Every structure is written in structure tokens, then in C-alpha cells.
Amino acid sequence: MIGTCQLCKKEKELIQRSHIWPKFMYKGMYDDKRRLYVFNSEDPTKHHMVQSGSYQQFIFCKECDNVRLGSLERYASNYLYNKPYLENGEDFTLIPVPGGIQVIECKHLDYNQYKLFLLSLLWRASISTESLFENFKLTQEEEEFLRESIYKKDVVDEMAFPCVLITSDVANLDENFIAVDPTMPGIVKFYINAFVYTFYLAENKKDETTRQLAIGMDHKMGIMKVSSEQWNQIRSSIIEATIAPSRNKNK
């Protein structure tokens, strides 16, 4: 199909389907039928099953999907998802902080690649028409800023759409769903697998803690590692409202 690629904005042959978020982020989430739950936390009654994660048809050309976005995805997968980030090592150091939380200090990051990867998640969620993202939308100006930055590989300021990640050492429990929570003004949270990605959109929501944890030009980033109780509190409303009733009904 010939159409306008959403990233390069050129008339080109578009690939049949593109994942809004890369497939490696769904690893281990599927049920025994290779399905997972997709729903919006603003309306827990609206959910459906998908076979291979959230995707959309005919939005990117092959070069943008496989090369421009693909290179960012490969970097993020190789740096974080394919490494033992819950253990001390060359790239990760666990630092205890008050409140039963640890901060995983991520070192030796390529700032531009990982920052643009994070921004690509935010941008793709905003331009998508898939039902998962229907209650989240950036402004046209914000979308265009992110699109140009990703396409041109621009170096973006640390505090432009900073993102803080949260995880837990029990994050591999059987919680096969993805969700978007846009209910807090100026903040959007993406729940997917072992991580919660919290993007700070409004200036008044950004503080010193955000600056310390979000990826910086010193090539470091902090991931909040919470206890099992805290992790369950973060996700309990979604799990109890949608996942558990749906599973009980299907037993």
C-alpha cells in the first residue's frame, strides 16, 4: 500500500503492520494461547485480547520501521531487557533509599539512543488510533517536535518529556496485560510487563527527583525498584477491576 509514512512524512510503500511498542517489551506476557489483555485503565470495562501486542496497519515505511525505529528498539532491548538489571554488575548498581525502595543506577547508557527510544514510545502512543491509546493524546506541536527529533536523531534536552521507570523483583508474575493511565493531569503512565513508564508532560510535574532518575547526559538513569507490596498497590486497581474478573469468568 502506498501512503504517507507517519515518521518521514514521505509517500512510500507502507508495511502491513507495525507494533506501536516493540515486541521484546511483551516477552513472557502471553497466555497459553499466545494472547494478552489490552485495555485502558480509564475505563476498565473496555478491554480485548490480542495475539501479538498492540499494532497498527500501514503507518510506517520499511526504512522508518526497521531502521530508524528499529535501531532504537535494538539498543533498548540489548541494554536493559536482555541484561540482569536486578543485580549489581558493570552497568547496574542497586542503591537502597528510604521507604523500602531501591534505585537501580544504570550506567554507560548512550544518552541519545535511549532518550529517543523513550520518546518514540510516547510519540507512537499519541499518533496511534488503536483503542488502547484512545484516551491519550499529545498536542500537534508536541507530536511534531517528537517526530522531528526521532527522524533527525536530534539531541533532546534531559527535561523534555522526562521518563521515570518503576520495576520490582516480582514483576514477572502472571500479569499479561498492557495499559495506559492518562488520568493524572500532566502525567501519563504506560504499564507493560516488568515496567511502569511514567512520562512527565507538564512543567509543574517535573521536580528534582524526576531530574535525578530520568536519563541524563551523564549517560546514567535511575530505575525505582519497589517492594512486592508497593508493586501490587501500583497495579492492584487494574488487576482487580479487569484481569482477575475476566480470568475467573473464563475458568
# chains A, B, ... in the order shown; residues from 1 in each chain; ligands from 1
$ select_by_dssp --residues "range 46-191 of chain A" --states "alpha helix (DSSP H)" --output "JSON, numbers by chain"
{"A": [62, 69, 70, 71, 72, 73, 74, 75, 76, 111, 112, 113, 114, 115, 116, 117, 118, 119, 120, 121, 122, 123, 124, 125, 126, 127, 140, 141, 142, 143, 144, 145, 146, 147, 148, 149, 150, 151, 152]}
$ write_last_selection --atoms "C-alpha atoms" --output "CSV table (one decimal), in the first residue's frame"
chain,number,residue,atom,x,y,z
A,62,LYS,CA,10.1,-0.2,5.9
A,69,LEU,CA,12.8,3.0,15.0
A,70,GLY,CA,14.3,-0.5,14.8
A,71,SER,CA,17.8,0.7,15.8
A,72,LEU,CA,16.4,2.5,18.9
A,73,GLU,CA,14.5,-0.6,19.8
A,74,ARG,CA,17.5,-2.9,19.4
A,75,TYR,CA,19.6,-0.6,21.6
A,76,ALA,CA,17.0,-0.6,24.4
A,111,TYR,CA,22.0,9.1,26.1
A,112,ASN,CA,20.7,10.0,22.6
A,113,GLN,CA,19.7,6.5,21.6
A,114,TYR,CA,17.9,5.6,24.9
A,115,LYS,CA,16.3,9.0,25.2
A,116,LEU,CA,14.9,8.8,21.6
A,117,PHE,CA,13.7,5.3,22.3
A,118,LEU,CA,11.7,6.5,25.2
A,119,LEU,CA,10.3,9.4,23.2
A,120,SER,CA,9.4,7.1,20.4
A,121,LEU,CA,7.1,5.1,22.8
A,122,LEU,CA,5.4,8.4,23.8
A,123,TRP,CA,5.1,9.6,20.2
A,124,ARG,CA,3.8,6.3,18.8
A,125,ALA,CA,1.2,6.1,21.6
A,126,SER,CA,-0.1,9.5,20.7
A,127,ILE,CA,-0.3,9.0,16.9
A,140,GLN,CA,0.0,18.6,17.5
A,141,GLU,CA,3.1,20.7,18.4
A,142,GLU,CA,4.3,18.1,20.8
A,143,GLU,CA,3.8,15.3,18.3
A,144,GLU,CA,5.7,17.2,15.6
A,145,PHE,CA,8.6,18.0,18.0
A,146,LEU,CA,8.9,14.3,18.9
A,147,ARG,CA,8.6,13.2,15.2
A,148,GLU,CA,11.3,15.5,14.0
A,149,SER,CA,13.6,14.7,16.9
A,150,ILE,CA,13.3,10.9,16.3
A,151,TYR,CA,13.6,11.3,12.5
A,152,LYS,CA,16.6,13.6,12.6
$ residues_around --residues "Lys220 in chain A" --least-positions-apart "4" --cutoff "12 Å" --atoms "only C-alpha atoms" --output "list in words"
Asp91, Phe92, Thr93, Val103, Ile104, Glu105, Cys106, Lys107, His108, Leu109, Asp110, Tyr111, Asn112, Tyr114, Lys115, Glu158, Arg211, Gln212, Leu213, Ala214, Ile215 and Gly216 of chain A
$ write_last_selection --atoms "C-alpha atoms" --output "mmCIF file, in the first residue's frame"
data_model
loop_
_atom_site.group_PDB
_atom_site.id
_atom_site.type_symbol
_atom_site.label_atom_id
_atom_site.label_comp_id
_atom_site.auth_asym_id
_atom_site.auth_seq_id
_atom_site.Cartn_x
_atom_site.Cartn_y
_atom_site.Cartn_z
ATOM 1 C CA ASP A 91 26.077 -1.486 34.032
ATOM 2 C CA PHE A 92 23.784 -1.650 37.084
ATOM 3 C CA THR A 93 24.186 -0.787 40.766
ATOM 4 C CA VAL A 103 17.252 2.682 42.883
ATOM 5 C CA ILE A 104 18.871 0.749 40.073
ATOM 6 C CA GLU A 105 21.585 3.062 38.774
ATOM 7 C CA CYS A 106 22.009 2.380 35.062
ATOM 8 C CA LYS A 107 25.425 3.403 33.754
ATOM 9 C CA HIS A 108 27.158 3.621 30.389
ATOM 10 C CA LEU A 109 23.955 4.428 28.519
ATOM 11 C CA ASP A 110 24.040 6.043 25.105
ATOM 12 C CA TYR A 111 22.026 9.115 26.062
ATOM 13 C CA ASN A 112 20.701 9.983 22.640
ATOM 14 C CA TYR A 114 17.896 5.632 24.866
ATOM 15 C CA LYS A 115 16.267 9.043 25.194
ATOM 16 C CA GLU A 158 17.074 15.976 29.510
ATOM 17 C CA ARG A 211 15.709 15.025 37.125
ATOM 18 C CA GLN A 212 17.800 12.617 39.190
ATOM 19 C CA LEU A 213 16.053 9.480 37.925
ATOM 20 C CA ALA A 214 15.374 10.298 34.270
ATOM 21 C CA ILE A 215 18.136 9.561 31.796
ATOM 22 C CA GLY A 216 20.747 12.317 31.771
#
$ closest_residue --among "A:Ser228, A:Asp154, A:His19, A:Tyr197" --to "Ser128 in chain A" --atoms "only C-alpha atoms"
A:His19
$ select_by_dssp --residues "range 2-207 of chain A" --states "strand (DSSP E or B)" --output "ChimeraX atom specification"
/A:2-4,11-14,17-19,36-40,47-50,55-57,61,92-97,101-106,163-168,177-181,187-192,195-200
$ residues_around --residues "Asp169 in chain A" --least-positions-apart "3" --cutoff "9 Å" --atoms "only C-alpha atoms" --output "list in words"
Leu86, Asn172, Ala194, Lys225, Val226, Ser227 and Ser228 of chain A
$ write_last_selection --atoms "C-alpha atoms" --output "compact mmCIF listing (two decimals), in the first residue's frame"
# COMPACT_ATOMS: atom_id res chain seq x y z
CA LEU A 86 18.06 -6.50 39.06
CA ASN A 172 7.48 -11.42 36.28
CA ALA A 194 8.03 -5.66 34.10
CA LYS A 225 12.74 -0.84 42.29
CA VAL A 226 9.83 -1.14 44.71
CA SER A 227 8.79 -3.91 47.08
CA SER A 228 6.24 -6.53 46.13
